[in-house]
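upload.cif follows (mmCIF, C-alpha atoms):
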```
data_start
#
loop_
_atom_site.label_atom_id
_atom_site.label_comp_id
_atom_site.auth_asym_id
_atom_site.auth_seq_id
_atom_site.Cartn_x
_atom_site.Cartn_y
_atom_site.Cartn_z
CA MET A 1 -84.55 40.94 -134.29
CA ALA A 2 -87.11 41.06 -131.53
CA THR A 3 -88.44 44.40 -130.39
CA LEU A 4 -87.39 45.64 -126.98
CA ASN A 5 -91.00 45.65 -125.85
CA LYS A 6 -91.44 41.97 -126.65
CA ILE A 7 -88.25 40.99 -124.82
CA LEU A 8 -89.35 42.94 -121.76
CA GLU A 9 -92.73 41.25 -121.89
CA ILE A 10 -91.44 37.66 -121.93
CA ALA A 11 -88.71 38.31 -119.37
CA ALA A 12 -91.09 39.95 -116.91
CA TYR A 13 -93.68 37.22 -117.43
CA ALA A 14 -91.09 34.52 -116.70
CA GLY A 15 -89.97 36.35 -113.56
CA LYS A 16 -93.55 36.69 -112.41
CA MET A 17 -94.19 32.97 -112.94
CA VAL A 18 -91.12 32.00 -110.91
CA LEU A 19 -92.33 34.07 -107.95
CA GLU A 20 -95.94 32.93 -108.21
CA ASN A 21 -94.89 29.30 -108.01
CA GLY A 22 -92.77 29.62 -104.91
CA GLY A 23 -89.35 30.30 -106.46
CA GLU A 24 -86.82 32.39 -104.57
CA THR A 25 -86.50 36.08 -105.42
CA TYR A 26 -82.89 35.66 -106.55
CA ARG A 27 -83.98 32.92 -108.98
CA SER A 28 -86.60 35.24 -110.45
CA GLU A 29 -84.02 38.01 -110.88
CA ASP A 30 -81.54 35.57 -112.46
CA VAL A 31 -84.12 34.23 -114.92
CA VAL A 32 -85.15 37.72 -116.03
CA VAL A 33 -81.57 38.95 -116.52
CA LYS A 34 -80.56 35.72 -118.30
CA ILE A 35 -83.44 35.91 -120.80
CA CYS A 36 -82.67 39.57 -121.56
CA GLN A 37 -78.95 38.96 -121.97
CA ASP A 38 -79.59 36.04 -124.32
CA HIS A 39 -81.52 38.47 -126.51
CA GLY A 40 -78.63 40.88 -126.43
CA VAL A 41 -80.13 43.65 -124.31
CA SER A 42 -78.83 44.81 -120.97
CA ALA A 43 -81.31 44.45 -118.14
CA ASP A 44 -81.73 44.77 -114.41
CA CYS A 45 -84.40 43.36 -112.20
CA PHE A 46 -85.59 43.91 -108.66
CA ALA A 47 -87.85 41.24 -107.21
CA ILE A 48 -89.51 41.02 -103.81
CA LEU A 49 -92.17 38.56 -102.71
CA SER A 50 -95.02 40.79 -103.82
CA GLY A 51 -93.74 42.19 -107.10
CA VAL A 52 -91.12 42.42 -109.85
CA ILE A 53 -89.62 45.55 -111.42
CA VAL A 54 -87.75 45.02 -114.69
CA GLY A 55 -85.84 47.57 -116.74
CA VAL A 56 -84.25 46.80 -120.11
CA SER A 57 -82.23 49.02 -122.41
CA ARG A 58 -80.74 48.81 -125.88
CA GLY A 59 -78.95 51.75 -127.44
CA GLU A 60 -80.94 54.92 -126.84
CA GLU A 61 -84.10 53.08 -125.86
CA THR A 62 -85.02 52.16 -122.27
CA LEU A 63 -88.19 50.46 -121.08
CA SER A 64 -89.39 49.25 -117.73
CA THR A 65 -92.37 47.50 -116.24
CA VAL A 66 -93.83 46.63 -112.85
CA ILE A 67 -95.71 43.42 -112.14
CA ARG A 68 -97.62 42.91 -108.92
CA ILE A 69 -97.85 39.39 -107.52
CA LYS A 70 -101.06 38.72 -105.68
CA ALA A 71 -101.11 35.02 -104.89
CA ARG A 72 -98.29 32.58 -104.30
CA THR A 73 -98.34 28.79 -104.16
CA ILE A 74 -95.55 26.26 -104.26
CA ASN A 75 -95.30 24.36 -107.53
CA LEU A 76 -91.76 23.11 -107.97
CA GLU A 77 -92.54 21.36 -111.27
CA LYS A 78 -93.20 24.72 -112.91
CA ILE A 79 -89.98 26.16 -111.46
CA HIS A 80 -88.13 23.19 -112.94
CA GLN A 81 -89.69 23.75 -116.37
CA ILE A 82 -89.11 27.52 -116.40
CA ASN A 83 -85.50 26.92 -115.40
CA ASP A 84 -85.09 24.50 -118.33
CA LEU A 85 -86.71 26.98 -120.70
CA ALA A 86 -84.56 29.90 -119.55
CA ARG A 87 -81.45 27.85 -120.26
CA ASN A 88 -82.51 27.35 -123.88
CA THR A 89 -83.69 30.88 -124.70
CA ASP A 90 -81.72 30.94 -127.97
CA LYS A 91 -83.78 28.06 -129.42
CA PHE A 92 -87.02 30.03 -129.44
CA THR A 93 -88.24 33.29 -130.96
CA CYS A 94 -90.03 35.68 -128.62
CA ASN A 95 -93.51 34.56 -129.64
CA GLU A 96 -92.63 30.88 -129.33
CA PHE A 97 -91.09 31.58 -125.93
CA MET A 98 -94.28 33.27 -124.75
CA SER A 99 -96.43 30.35 -125.88
CA GLU A 100 -94.05 27.93 -124.13
CA LEU A 101 -94.43 29.95 -120.92
CA LYS A 102 -98.22 29.92 -121.28
CA LYS A 103 -98.07 26.16 -121.81
CA ILE A 104 -96.08 25.73 -118.58
CA ASP A 105 -98.58 27.94 -116.79
CA LYS A 106 -101.37 25.56 -117.80
CA THR A 107 -99.65 22.38 -116.56
CA PRO A 108 -102.30 20.55 -114.52
CA ARG A 109 -101.73 20.00 -110.82
CA TYR A 110 -101.84 16.57 -109.21
CA PRO A 111 -105.45 15.33 -109.02
CA LEU A 112 -107.53 15.73 -105.86
CA SER A 113 -107.13 12.09 -104.79
CA TYR A 114 -103.31 12.33 -104.89
CA ASN A 115 -103.36 15.46 -102.77
CA LEU A 116 -105.78 13.92 -100.27
CA MET A 117 -103.47 10.93 -99.93
CA ALA A 118 -100.38 13.14 -99.62
CA TYR A 119 -101.90 15.33 -96.89
CA SER A 120 -103.11 12.38 -94.83
CA ILE A 121 -99.86 10.42 -95.18
CA THR A 122 -97.75 13.45 -94.29
CA ALA A 123 -99.88 14.24 -91.25
CA ALA A 124 -99.69 10.64 -90.05
CA ALA A 125 -95.94 10.34 -90.66
CA PHE A 126 -95.27 13.52 -88.67
CA ALA A 127 -97.44 12.29 -85.79
CA VAL A 128 -95.05 9.32 -85.54
CA LEU A 129 -91.93 11.48 -85.97
CA PHE A 130 -93.05 13.62 -83.02
CA GLY A 131 -93.19 10.44 -80.93
CA GLY A 132 -96.74 9.18 -81.45
CA SER A 133 -97.85 5.54 -81.41
CA HIS A 134 -99.24 3.46 -84.28
CA LYS A 135 -102.74 4.36 -83.12
CA ASP A 136 -101.83 8.03 -83.55
CA PHE A 137 -100.65 7.23 -87.07
CA LEU A 138 -104.05 5.83 -88.06
CA GLY A 139 -105.93 8.59 -86.24
CA SER A 140 -104.02 11.35 -88.06
CA LEU A 141 -104.93 10.10 -91.53
CA PRO A 142 -108.50 11.49 -91.60
CA ILE A 143 -107.41 14.74 -89.92
CA GLY A 144 -104.85 15.40 -92.66
CA ALA A 145 -107.49 14.72 -95.30
CA ALA A 146 -109.91 17.09 -93.54
CA ILE A 147 -107.30 19.87 -93.53
CA TYR A 148 -106.76 19.43 -97.26
CA LEU A 149 -110.49 19.48 -98.00
CA LEU A 150 -110.78 22.66 -95.94
CA SER A 151 -107.96 24.49 -97.70
CA TYR A 152 -109.10 23.19 -101.10
CA SER A 153 -112.69 24.34 -100.66
CA PHE A 154 -111.59 27.78 -99.48
CA SER A 155 -108.90 28.23 -102.14
CA LYS A 156 -111.37 29.43 -104.78
CA TYR A 157 -112.54 32.34 -102.61
CA GLU A 158 -108.99 33.75 -102.43
CA LEU A 159 -109.29 34.48 -98.73
CA ASN A 160 -106.17 35.39 -96.87
CA GLY A 161 -104.28 32.59 -95.21
CA ILE A 162 -104.98 33.64 -91.65
CA PHE A 163 -108.65 32.72 -91.71
CA VAL A 164 -108.05 29.32 -93.31
CA ASN A 165 -105.18 28.55 -90.94
CA THR A 166 -107.19 29.45 -87.85
CA LEU A 167 -110.00 27.22 -89.05
CA GLY A 168 -107.56 24.42 -89.89
CA GLY A 169 -106.00 24.57 -86.43
CA ALA A 170 -109.43 24.52 -84.78
CA ILE A 171 -110.63 21.57 -86.87
CA SER A 172 -107.55 19.48 -86.21
CA ALA A 173 -107.77 20.11 -82.47
CA PHE A 174 -111.49 19.32 -82.36
CA MET A 175 -111.02 16.09 -84.31
CA ALA A 176 -108.06 15.05 -82.19
CA TYR A 177 -110.00 15.53 -78.95
CA TYR A 178 -113.02 13.74 -80.39
CA PHE A 179 -110.88 10.78 -81.49
CA TYR A 180 -109.22 10.76 -78.07
CA SER A 181 -112.60 10.53 -76.35
CA LEU A 182 -113.47 7.61 -78.65
CA GLY A 183 -110.17 5.91 -77.79
CA ILE A 184 -108.89 5.95 -81.38
CA ILE A 185 -105.68 7.83 -80.55
CA ASP A 186 -103.30 7.91 -77.56
CA ASN A 187 -101.78 11.42 -77.56
CA THR A 188 -103.82 14.44 -78.59
CA ASP A 189 -100.84 16.83 -78.72
CA LYS A 190 -98.80 14.62 -81.08
CA VAL A 191 -101.74 14.17 -83.41
CA ILE A 192 -102.54 17.90 -83.43
CA ILE A 193 -99.01 19.06 -84.23
CA GLY A 194 -98.49 16.17 -86.67
CA SER A 195 -101.54 17.05 -88.69
CA LEU A 196 -100.72 20.76 -88.51
CA MET A 197 -97.27 20.14 -90.02
CA VAL A 198 -98.81 20.48 -93.48
CA LEU A 199 -99.74 24.06 -92.55
CA VAL A 200 -96.92 25.23 -90.25
CA PRO A 201 -94.34 27.58 -91.75
CA GLY A 202 -91.06 25.81 -91.02
CA ILE A 203 -89.86 26.16 -94.62
CA ALA A 204 -90.79 29.85 -94.66
CA LEU A 205 -88.70 30.51 -91.54
CA THR A 206 -85.66 28.58 -92.82
CA ASN A 207 -85.81 30.24 -96.25
CA GLY A 208 -86.23 33.62 -94.58
CA ILE A 209 -82.99 33.17 -92.66
CA ARG A 210 -81.28 31.97 -95.86
CA ASP A 211 -82.43 35.14 -97.60
CA ILE A 212 -81.14 37.31 -94.77
CA ILE A 213 -77.74 35.60 -94.88
CA ALA A 214 -77.62 36.20 -98.65
CA GLY A 215 -78.35 39.90 -98.18
CA ASP A 216 -82.01 39.96 -99.28
CA TYR A 217 -83.17 41.62 -96.08
CA MET A 218 -86.54 42.64 -97.48
CA THR A 219 -87.50 39.15 -98.62
CA GLY A 220 -86.06 37.59 -95.49
CA MET A 221 -88.07 39.80 -93.16
CA ALA A 222 -91.22 39.24 -95.23
CA ARG A 223 -90.85 35.47 -95.03
CA GLY A 224 -90.12 35.57 -91.30
CA LEU A 225 -93.17 37.73 -90.69
CA GLU A 226 -95.29 35.37 -92.78
CA ALA A 227 -94.07 32.44 -90.68
CA LEU A 228 -94.91 34.27 -87.45
CA LEU A 229 -98.37 35.22 -88.66
CA VAL A 230 -99.25 31.71 -89.84
CA ALA A 231 -98.01 30.18 -86.59
CA THR A 232 -100.05 32.69 -84.57
CA SER A 233 -103.23 31.95 -86.47
CA LEU A 234 -102.71 28.20 -86.05
CA ALA A 235 -102.11 28.61 -82.34
CA VAL A 236 -105.21 30.80 -81.97
CA GLY A 237 -107.30 28.17 -83.74
CA THR A 238 -106.05 25.22 -81.73
CA GLY A 239 -106.07 27.15 -78.45
CA PHE A 240 -109.70 28.10 -78.99
CA ALA A 241 -110.69 24.53 -79.87
CA ILE A 242 -108.77 23.01 -76.97
CA SER A 243 -110.31 25.36 -74.40
CA ILE A 244 -113.80 24.49 -75.67
CA ALA A 245 -113.01 20.78 -75.73
CA VAL A 246 -111.62 20.84 -72.19
CA ARG A 247 -114.64 22.74 -70.93
CA GLY A 248 -116.94 20.35 -72.79
CA GLY A 249 -115.48 17.56 -70.69
CA TYR A 250 -113.63 15.46 -73.24
CA MET B 1 -84.39 4.50 -85.73
CA VAL B 2 -84.97 2.62 -88.98
CA ILE B 3 -88.70 3.06 -88.50
CA GLN B 4 -88.27 6.79 -87.81
CA THR B 5 -86.26 7.13 -91.00
CA LEU B 6 -88.96 5.32 -92.97
CA PHE B 7 -91.55 7.75 -91.65
CA ALA B 8 -89.31 10.69 -92.54
CA ILE B 9 -89.13 9.32 -96.10
CA LEU B 10 -92.92 9.05 -96.12
CA ALA B 11 -93.29 12.64 -94.88
CA SER B 12 -90.92 13.97 -97.57
CA TYR B 13 -92.76 11.97 -100.22
CA GLY B 14 -96.08 13.44 -99.13
CA PHE B 15 -94.70 16.95 -99.15
CA GLY B 16 -93.19 16.29 -102.57
CA ILE B 17 -96.68 15.68 -103.90
CA ILE B 18 -98.05 18.76 -102.10
CA PHE B 19 -95.26 20.87 -103.67
CA GLU B 20 -95.87 19.29 -107.11
CA VAL B 21 -92.53 17.56 -107.54
CA ARG B 22 -92.89 15.07 -110.39
CA GLY B 23 -91.39 11.93 -111.87
CA LYS B 24 -87.99 10.73 -110.72
CA ASN B 25 -87.42 13.90 -108.67
CA LEU B 26 -90.19 12.82 -106.29
CA TYR B 27 -88.49 9.54 -105.33
CA PHE B 28 -85.11 11.20 -104.89
CA THR B 29 -86.48 14.01 -102.75
CA ALA B 30 -88.10 11.41 -100.48
CA ILE B 31 -84.82 9.50 -100.13
CA VAL B 32 -82.90 12.71 -99.42
CA GLY B 33 -85.43 13.54 -96.69
CA GLY B 34 -84.79 10.12 -95.13
CA ILE B 35 -81.01 10.64 -95.28
CA GLY B 36 -81.30 14.01 -93.55
CA TRP B 37 -83.37 12.64 -90.71
CA ALA B 38 -81.12 9.58 -90.30
CA VAL B 39 -78.01 11.77 -90.06
CA HIS B 40 -79.78 13.93 -87.49
CA LEU B 41 -80.63 10.89 -85.35
CA ILE B 42 -77.16 9.35 -85.69
CA SER B 43 -75.36 12.53 -84.69
CA LEU B 44 -77.71 12.94 -81.71
CA ASN B 45 -76.85 9.37 -80.71
CA LEU B 46 -73.13 10.12 -81.01
CA GLY B 47 -73.60 12.88 -78.46
CA SER B 48 -73.71 16.09 -80.44
CA THR B 49 -75.95 18.90 -79.23
CA LEU B 50 -79.36 19.48 -80.78
CA VAL B 51 -78.42 22.52 -82.85
CA SER B 52 -75.15 21.05 -84.16
CA SER B 53 -76.91 17.84 -85.18
CA TYR B 54 -79.28 19.96 -87.29
CA PHE B 55 -76.29 21.76 -88.78
CA ILE B 56 -74.55 18.50 -89.70
CA SER B 57 -77.66 16.96 -91.21
CA SER B 58 -78.36 20.11 -93.22
CA ILE B 59 -74.82 19.95 -94.67
CA VAL B 60 -75.19 16.28 -95.65
CA LEU B 61 -78.66 16.93 -97.04
CA THR B 62 -77.53 19.85 -99.18
CA ILE B 63 -74.54 17.93 -100.55
CA CYS B 64 -76.85 15.05 -101.56
CA SER B 65 -79.32 17.49 -103.15
CA GLU B 66 -76.59 19.32 -105.08
CA ILE B 67 -75.23 16.05 -106.50
CA LEU B 68 -78.69 14.71 -107.38
CA ALA B 69 -79.76 18.01 -108.90
CA ARG B 70 -76.74 17.93 -111.22
CA HIS B 71 -77.65 14.38 -112.28
CA LEU B 72 -81.36 15.06 -112.75
CA LYS B 73 -80.74 18.45 -114.44
CA THR B 74 -83.14 20.30 -112.17
CA PRO B 75 -82.79 23.30 -109.83
CA VAL B 76 -81.49 22.32 -106.39
CA THR B 77 -84.63 23.73 -104.77
CA THR B 78 -86.76 20.95 -106.24
CA ILE B 79 -84.88 18.31 -104.28
CA LEU B 80 -83.89 20.38 -101.26
CA ILE B 81 -87.19 21.88 -100.11
CA SER B 82 -89.15 18.65 -99.66
CA GLY B 83 -86.08 16.86 -98.33
CA LEU B 84 -85.67 19.52 -95.67
CA ILE B 85 -89.24 19.10 -94.47
CA PRO B 86 -88.67 16.51 -91.70
CA LEU B 87 -85.92 18.68 -90.16
CA VAL B 88 -87.62 22.05 -90.42
CA PRO B 89 -88.75 23.44 -87.03
CA GLY B 90 -92.40 23.97 -87.93
CA GLY B 91 -93.51 22.43 -84.65
CA GLY B 92 -91.24 24.83 -82.78
CA VAL B 93 -92.78 27.92 -84.37
CA TYR B 94 -96.24 26.64 -83.55
CA TYR B 95 -95.41 25.78 -79.93
CA THR B 96 -93.76 29.17 -79.40
CA MET B 97 -96.91 31.01 -80.42
CA TYR B 98 -99.04 28.55 -78.48
CA TYR B 99 -97.10 29.17 -75.25
CA ILE B 100 -97.31 32.92 -75.78
CA LEU B 101 -101.08 32.69 -76.10
CA GLU B 102 -101.15 30.58 -72.93
CA ARG B 103 -99.06 33.33 -71.21
CA ASN B 104 -96.40 30.75 -70.45
CA MET B 105 -93.56 33.14 -71.25
CA GLU B 106 -90.66 31.06 -69.93
CA GLU B 107 -91.52 28.10 -72.14
CA ALA B 108 -92.23 30.45 -75.05
CA ILE B 109 -88.84 32.13 -74.87
CA PHE B 110 -87.06 28.79 -74.47
CA LYS B 111 -88.91 27.25 -77.40
CA GLY B 112 -88.61 30.37 -79.54
CA ALA B 113 -84.85 30.63 -79.07
CA GLU B 114 -84.45 26.92 -79.82
CA THR B 115 -86.54 27.25 -82.98
CA LEU B 116 -84.57 30.25 -84.18
CA PHE B 117 -81.27 28.47 -83.55
CA ILE B 118 -82.45 25.36 -85.40
CA ALA B 119 -83.66 27.39 -88.38
CA GLY B 120 -80.37 29.30 -88.33
CA ALA B 121 -78.34 26.09 -88.21
CA LEU B 122 -80.27 24.61 -91.12
CA SER B 123 -79.94 27.67 -93.30
CA PHE B 124 -76.29 28.11 -92.37
CA GLY B 125 -75.59 24.53 -93.44
CA ILE B 126 -77.25 25.20 -96.79
CA VAL B 127 -75.26 28.43 -97.24
CA VAL B 128 -71.94 26.74 -96.43
CA VAL B 129 -72.47 23.99 -99.00
CA SER B 130 -73.80 26.37 -101.68
CA SER B 131 -70.79 28.63 -101.21
CA LEU B 132 -68.39 25.67 -101.46
CA VAL B 133 -70.12 24.54 -104.65
CA ARG B 134 -69.65 28.03 -106.04
CA ILE B 135 -65.97 27.95 -105.22
CA MET B 136 -65.69 24.63 -107.05
CA LYS B 137 -67.28 25.93 -110.22
CA THR B 138 -65.45 29.22 -110.36
CA GLY B 139 -66.63 31.86 -112.76
CA GLN B 140 -70.29 31.10 -112.22
CA ARG B 141 -72.24 33.61 -110.23
CA ASN B 142 -74.61 32.56 -107.52
CA ARG B 143 -76.67 34.33 -104.94
CA TYR B 144 -74.06 34.25 -102.19
CA SER B 145 -71.54 35.99 -104.43
CA ARG B 146 -73.54 39.01 -105.39
CA HIS B 147 -71.78 41.40 -103.03
CA LEU B 148 -68.36 40.53 -104.31
CA PRO B 149 -67.01 42.79 -107.05
CA ASP B 150 -67.30 41.35 -110.56
CA LYS B 151 -64.01 40.07 -111.88
CA ASN B 152 -64.68 41.22 -115.45
#
```

Once more with this new file: its structure as structure tokens, please.
Amino acid sequence: MATLNKILEIAAYAGKMVLENGGETYRSEDVVVKICQDHGVSADCFAILSGVIVGVSRGEETLSTVIRIKARTINLEKIHQINDLARNTDKFTCNEFMSELKKIDKTPRYPLSYNLMAYSITAAAFAVLFGGSHKDFLGSLPIGAAIYLLSYSFSKYELNGIFVNTLGGAISAFMAYYFYSLGIIDNTDKVIIGSLMVLVPGIALTNGIRDIIAGDYMTGMARGLEALLVATSLAVGTGFAISIAVRGGY
Amino acid sequence: MVIQTLFAILASYGFGIIFEVRGKNLYFTAIVGGIGWAVHLISLNLGSTLVSSYFISSIVLTICSEILARHLKTPVTTILISGLIPLVPGGGVYYTMYYILERNMEEAIFKGAETLFIAGALSFGIVVVSSLVRIMKTGQRNRYSRHLPDKN
């Protein structure tokens, strides 16, 4: 029989991992409650984007914990693995479960070259979807790669997103105008928005509205606000770069 | 239109890698993204309005993702998020803020309202399908059922 403390520890850790890797708040709550119930203790969980509160009780004993979430990325592979693990809680003891969770946490990301390719292909594909020509497709490839290199090199400093996004917007606009002056691309606006699609918060906005419909007003508002802030910083960056480029005579 | 769909598949595939989708899931999420965009284009061609075409494509997309997720034994999110990428109004959010900074308020309000409606249509499509799936597998709880009283 596992101690209550141990159960609380693994459940809260799993909930924290779901949120840190871009899972929805309801999924985090479900995972925590499911793990606790499989161990035969009653539990409740409250998760928002920036933290989880878990309380478990068995008999006379009640424990609770708070975990603050500082950084979030999207890593759907980890969500998939945690989901699998939470379904098979009964096959592991608490210590084994914890080591499984740690193992999932250490799953390596795709290598740098894959990500470079993905960013450039996505940027180029969106330039065409927004109505660009084949020249715009080729011109967007290096801009997408540049945006990835920028966000990758700044990711280790743990800066907030606004700074990186403003810089990303400025770089994409500068490069687009430069390529336009060289005659590599046809439409600057299509290339700029295409290459910014890897940064713009469309998913955040859609998920925010989904959360609001489901009754998670706190999460929904937080996601909507995040979307607005990211879009503003991108627009500031590109606006700045475009006004300089236009004045510079490109 | 075929070319547009191919590029939508490419965009979903790229985003799948960025979001760390792996193995078979990656190919399926790319295909689902293509299906969503193709449905959007077809319904626009058949004369539906912009917002309703997004609603229809979001419904088709979510149905495909739900079926595939059952088959691949993975959470629906894995397939849905990257598949939704071509439809999502990221450009709209950006343009809204851009027009506001340019003090072009008329365009900003127009674009902002359109973006909000598109995002609403997409999420409403997802909610409709998820709720129907819940009705089909009765007894299981899901996020859209949490305000209903528990039967037990």

Which residues would end up in the selection if the PyMOL selection byres ((chain B) within 7 of (chain A)) were applied here, given that I need the answer as number ranges by chain?
B: 4, 7-8, 10-11, 14-15, 17-22, 74-75, 78, 88-91, 93-94, 97-98, 119-120, 122-123, 143-144

Print the selection's residues with C-alpha atoms to a file, as a compact mmCIF listing (two decimals), keeping the file's coordinate frame.
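Below is the file selection_22.txt, written as the result:
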```txt
# COMPACT_ATOMS: atom_id res chain seq x y z
CA GLN B 4 -88.27 6.79 -87.81
CA PHE B 7 -91.55 7.75 -91.65
CA ALA B 8 -89.31 10.69 -92.54
CA LEU B 10 -92.92 9.05 -96.12
CA ALA B 11 -93.29 12.64 -94.88
CA GLY B 14 -96.08 13.44 -99.13
CA PHE B 15 -94.70 16.95 -99.15
CA ILE B 17 -96.68 15.68 -103.90
CA ILE B 18 -98.05 18.76 -102.10
CA PHE B 19 -95.26 20.87 -103.67
CA GLU B 20 -95.87 19.29 -107.11
CA VAL B 21 -92.53 17.56 -107.54
CA ARG B 22 -92.89 15.07 -110.39
CA THR B 74 -83.14 20.30 -112.17
CA PRO B 75 -82.79 23.30 -109.83
CA THR B 78 -86.76 20.95 -106.24
CA VAL B 88 -87.62 22.05 -90.42
CA PRO B 89 -88.75 23.44 -87.03
CA GLY B 90 -92.40 23.97 -87.93
CA GLY B 91 -93.51 22.43 -84.65
CA VAL B 93 -92.78 27.92 -84.37
CA TYR B 94 -96.24 26.64 -83.55
CA MET B 97 -96.91 31.01 -80.42
CA TYR B 98 -99.04 28.55 -78.48
CA ALA B 119 -83.66 27.39 -88.38
CA GLY B 120 -80.37 29.30 -88.33
CA LEU B 122 -80.27 24.61 -91.12
CA SER B 123 -79.94 27.67 -93.30
CA ARG B 143 -76.67 34.33 -104.94
CA TYR B 144 -74.06 34.25 -102.19
```

Identify, on the basis of all atoms listed in the file, every residue whose closest approach to Leu68 in chain B does not exceed 12 Å; exclude the query and any residue fewer than 6 positions from it along the same chain; express the result as a list of chain:residue names.
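The filter keeps B:Lys24, B:Asn25, B:Leu26, B:Tyr27, B:Phe28, B:Thr29, B:Ile31, B:Val32, B:Leu61, B:Thr62, B:Thr74, B:Pro75, B:Val76, B:Thr77, B:Thr78, B:Ile79, B:Leu80, B:Gly83.
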
Please enumerate the residues selected by the PyMOL selection byres ((chain A and resi 136) around 8) when evaluated against the supplied file, formatted as a PyMOL selection string.
chain A and resi 124+127-128+132-135+137-140+184-187+190-191

Determine the residue set returned by the PyMOL selection byres ((chain A and resi 36-39) around 8) for the present structure, and present it as a short mmCIF file (atom, residue, chain, number, x, y, z; two decimals) with C-alpha atoms, in the frame of the given file.
```
data_model
loop_
_atom_site.label_atom_id
_atom_site.label_comp_id
_atom_site.auth_asym_id
_atom_site.auth_seq_id
_atom_site.Cartn_x
_atom_site.Cartn_y
_atom_site.Cartn_z
CA ALA A 2 -87.11 41.06 -131.53
CA ILE A 7 -88.25 40.99 -124.82
CA LEU A 8 -89.35 42.94 -121.76
CA ALA A 11 -88.71 38.31 -119.37
CA VAL A 32 -85.15 37.72 -116.03
CA VAL A 33 -81.57 38.95 -116.52
CA LYS A 34 -80.56 35.72 -118.30
CA ILE A 35 -83.44 35.91 -120.80
CA GLY A 40 -78.63 40.88 -126.43
CA VAL A 41 -80.13 43.65 -124.31
CA SER A 42 -78.83 44.81 -120.97
CA ALA A 43 -81.31 44.45 -118.14
CA VAL A 56 -84.25 46.80 -120.11
CA THR A 89 -83.69 30.88 -124.70
CA ASP A 90 -81.72 30.94 -127.97
#
```

Interatomic distance (Å, one decimal) between CA of Ser151 in chain A and CA of Gly23 in chain B
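So the two atoms, CA of Ser151 in chain A and CA of Gly23 in chain B, lie 25.2 Å apart.
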
Quote the spacing between CA of Tyr54 in chain B and CA of Gly161 in chain A in Å to one decimal place.
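CA of Tyr54 in chain B sits 29.1 Å away from CA of Gly161 in chain A.
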
Straight-line distance linking CA of Thr219 in chain A with CA of Glu29 in chain A, stated in Å to one decimal:
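Answer for the CA of Thr219 in chain A to CA of Glu29 in chain A separation: 12.8 Å.
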
Looking at A:Met221, A:Asp105, A:Cys94, A:Leu63, which one is nearest to Val18 in chain A, with distances taken over all atoms listed in the file?
A:Asp105
